[in-house]
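**Q** Following this message is one structure expressed as structure tokens.
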Amino acid sequence: MKQCIACGMPMETSEDFAMGDPGKEYCRYCCHPDGTMQSYDEKLASLTDFIFKTQGLDEKAATSAAKSMMAELPAWKNENTR
Ligand SMILES: [Zn+2]
């Protein structure tokens with residue numbers, strides 16, 4: 001089973017992939033409407049927002065949680081020096 005390189009979500013059916021294309025390395029939550037992958041900053045913003053809303057952390061804690069999650073993912077391993 002493949003995992004999204006940008007958020008780590010398991011992709012089980014073709015609908016889970018960007019544009020419904022199992023050849024893609026990332027999921028439908030990590031792509032733009034045209035099928036290109038979101039940037040680090042875009043993904044960080046959406047992940048921070050998700051953590052902020054679901055885990056009750058303040059915004060600063062949510063941002064650092066999102067950064068450490070993203071540091072584990074193949075798409076961003078060159079970005080974690082920021
Ligand atoms: Zn994803």
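All residue names refer to the structure tokens as shown: chains lettered A, B, ... in order, residues numbered from 1 in each chain, ligands numbered from 1 in order.
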Within 12 Å of Thr36 of chain A, counting only C-alpha atoms, which residues show up once you throw out same-chain ones fewer than 5 positions away? Write them as a list in words, please.

**A** Phe17, Ala18, Met19, Asp21, Lys24, Glu25, Tyr26, Cys27, Arg28, Tyr29, Cys30 and Cys31 of chain A

**Q** Mind the document's chain letters and residue numbers, and return as a CSV table (one decimal) with N, CA and C atoms, in the first residue's frame the residues of segment 5-77 of chain A that DSSP labels helix (DSSP H, G or I).

**A**
chain,number,residue,atom,x,y,z
A,14,SER,N,-8.2,4.3,-5.7
A,14,SER,CA,-7.7,5.3,-6.6
A,14,SER,C,-8.3,6.7,-6.3
A,15,GLU,N,-9.5,6.8,-5.6
A,15,GLU,CA,-10.0,8.1,-5.2
A,15,GLU,C,-9.2,8.8,-4.2
A,16,ASP,N,-8.4,8.0,-3.4
A,16,ASP,CA,-7.5,8.7,-2.4
A,16,ASP,C,-6.3,9.4,-3.1
A,18,ALA,N,-4.3,11.9,-5.7
A,18,ALA,CA,-4.5,13.2,-6.4
A,18,ALA,C,-5.1,12.9,-7.8
A,19,MET,N,-6.1,13.5,-8.2
A,19,MET,CA,-6.8,13.4,-9.5
A,19,MET,C,-7.3,12.0,-9.7
A,20,GLY,N,-7.4,11.1,-8.7
A,20,GLY,CA,-7.8,9.7,-8.9
A,20,GLY,C,-6.8,8.9,-9.6
A,28,ARG,N,-5.3,13.2,-2.5
A,28,ARG,CA,-6.2,14.3,-3.0
A,28,ARG,C,-6.2,15.5,-2.1
A,29,TYR,N,-5.8,15.3,-0.8
A,29,TYR,CA,-5.8,16.4,0.1
A,29,TYR,C,-4.6,17.3,0.0
A,30,CYS,N,-3.6,16.7,-0.8
A,30,CYS,CA,-2.3,17.4,-0.9
A,30,CYS,C,-2.1,18.0,-2.3
A,40,TYR,N,5.3,23.4,0.4
A,40,TYR,CA,5.6,23.2,1.9
A,40,TYR,C,4.7,24.2,2.7
A,41,ASP,N,4.7,25.4,2.3
A,41,ASP,CA,4.0,26.4,3.1
A,41,ASP,C,2.5,26.2,3.1
A,42,GLU,N,2.0,25.8,1.9
A,42,GLU,CA,0.6,25.5,1.9
A,42,GLU,C,0.2,24.4,2.8
A,43,LYS,N,1.0,23.3,2.7
A,43,LYS,CA,0.7,22.1,3.5
A,43,LYS,C,0.9,22.4,5.0
A,44,LEU,N,1.9,23.2,5.3
A,44,LEU,CA,2.1,23.5,6.7
A,44,LEU,C,0.9,24.3,7.2
A,45,ALA,N,0.4,25.2,6.4
A,45,ALA,CA,-0.7,26.1,6.9
A,45,ALA,C,-2.0,25.2,7.1
A,46,SER,N,-2.2,24.2,6.1
A,46,SER,CA,-3.5,23.4,6.3
A,46,SER,C,-3.3,22.4,7.4
A,47,LEU,N,-2.1,21.9,7.6
A,47,LEU,CA,-1.9,20.9,8.7
A,47,LEU,C,-2.0,21.6,10.0
A,48,THR,N,-1.4,22.8,10.1
A,48,THR,CA,-1.5,23.6,11.3
A,48,THR,C,-2.9,23.9,11.7
A,49,ASP,N,-3.7,24.3,10.7
A,49,ASP,CA,-5.1,24.6,10.9
A,49,ASP,C,-5.9,23.3,11.4
A,50,PHE,N,-5.5,22.2,10.8
A,50,PHE,CA,-6.2,20.9,11.2
A,50,PHE,C,-5.8,20.6,12.6
A,51,ILE,N,-4.6,20.7,13.0
A,51,ILE,CA,-4.2,20.4,14.4
A,51,ILE,C,-4.8,21.4,15.4
A,52,PHE,N,-4.8,22.6,15.0
A,52,PHE,CA,-5.3,23.7,15.8
A,52,PHE,C,-6.8,23.4,16.1
A,53,LYS,N,-7.6,22.9,15.1
A,53,LYS,CA,-9.0,22.7,15.3
A,53,LYS,C,-9.3,21.4,16.0
A,54,THR,N,-8.4,20.4,15.8
A,54,THR,CA,-8.8,19.0,16.3
A,54,THR,C,-8.1,18.7,17.6
A,55,GLN,N,-7.0,19.3,17.9
A,55,GLN,CA,-6.3,18.9,19.1
A,55,GLN,C,-6.3,20.0,20.2
A,59,GLU,N,-2.0,28.2,18.6
A,59,GLU,CA,-1.5,28.3,17.2
A,59,GLU,C,0.0,28.0,17.1
A,60,LYS,N,0.8,28.5,18.1
A,60,LYS,CA,2.2,28.3,18.0
A,60,LYS,C,2.5,26.8,18.2
A,61,ALA,N,1.9,26.1,19.2
A,61,ALA,CA,2.1,24.7,19.4
A,61,ALA,C,1.6,23.9,18.2
A,62,ALA,N,0.5,24.3,17.6
A,62,ALA,CA,0.0,23.6,16.4
A,62,ALA,C,1.0,23.7,15.3
A,63,THR,N,1.6,24.9,15.1
A,63,THR,CA,2.6,25.0,14.1
A,63,THR,C,3.8,24.2,14.3
A,64,SER,N,4.3,24.1,15.5
A,64,SER,CA,5.5,23.3,15.7
A,64,SER,C,5.2,21.8,15.6
A,65,ALA,N,3.9,21.4,16.0
A,65,ALA,CA,3.5,20.0,15.9
A,65,ALA,C,3.4,19.6,14.4
A,66,ALA,N,2.9,20.6,13.6
A,66,ALA,CA,2.8,20.3,12.1
A,66,ALA,C,4.2,20.2,11.5
A,67,LYS,N,5.1,21.1,11.9
A,67,LYS,CA,6.5,21.0,11.4
A,67,LYS,C,7.1,19.7,11.7
A,68,SER,N,7.0,19.2,12.9
A,68,SER,CA,7.6,18.0,13.3
A,68,SER,C,7.0,16.8,12.6
A,69,MET,N,5.7,16.8,12.3
A,69,MET,CA,5.0,15.8,11.5
A,69,MET,C,5.6,15.8,10.1
A,70,MET,N,5.7,17.0,9.5
A,70,MET,CA,6.1,17.1,8.1
A,70,MET,C,7.6,16.7,8.0
A,71,ALA,N,8.4,16.9,9.0
A,71,ALA,CA,9.8,16.5,9.0
A,71,ALA,C,10.0,15.0,8.8
A,74,PRO,N,8.5,12.0,3.4
A,74,PRO,CA,9.5,12.1,2.3
A,74,PRO,C,9.5,13.4,1.4
A,75,ALA,N,8.3,13.9,1.3
A,75,ALA,CA,8.2,15.1,0.4
A,75,ALA,C,8.9,16.3,1.0
A,76,TRP,N,9.1,16.4,2.3
A,76,TRP,CA,9.6,17.6,2.9
A,76,TRP,C,10.9,17.4,3.6

**Q** If you measure from atom CA of Glu12 of chain A to atom CA of Met37 of chain A, what distance in Å do you get, rounded to one decimal?

**A**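 Atom-to-atom, atom CA of Glu12 of chain A to atom CA of Met37 of chain A, that is 18.7 Å.
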
**Q** Would you compute the distance between atom 1 (Zn, counted along the ligand's line) of ligand 1 and atom CA of Gly8 of chain A? Give it in Å to one decimal.

**A**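 Atom CA of Gly8 of chain A lies 6.1 Å from atom 1 (Zn, counted along the ligand's line) of ligand 1.
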
**Q** From a backbone DSSP assignment, name each residue in chain A labelled strand (DSSP E), as a PyMOL selection string.

**A** chain A and resi 2-3+10-11

**Q** If you measure from atom CA of Ile5 of chain A to atom CA of Glu79 of chain A, what distance in Å do you get, rounded to one decimal?

**A**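 Separation between atom CA of Ile5 of chain A and atom CA of Glu79 of chain A: 13.3 Å.
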
**Q** For Gln3 of chain A, which residue among A:Leu73, A:Gly56, A:Asn78, A:His32 is the nearest when counting only C-alpha atoms?

**A** A:Leu73
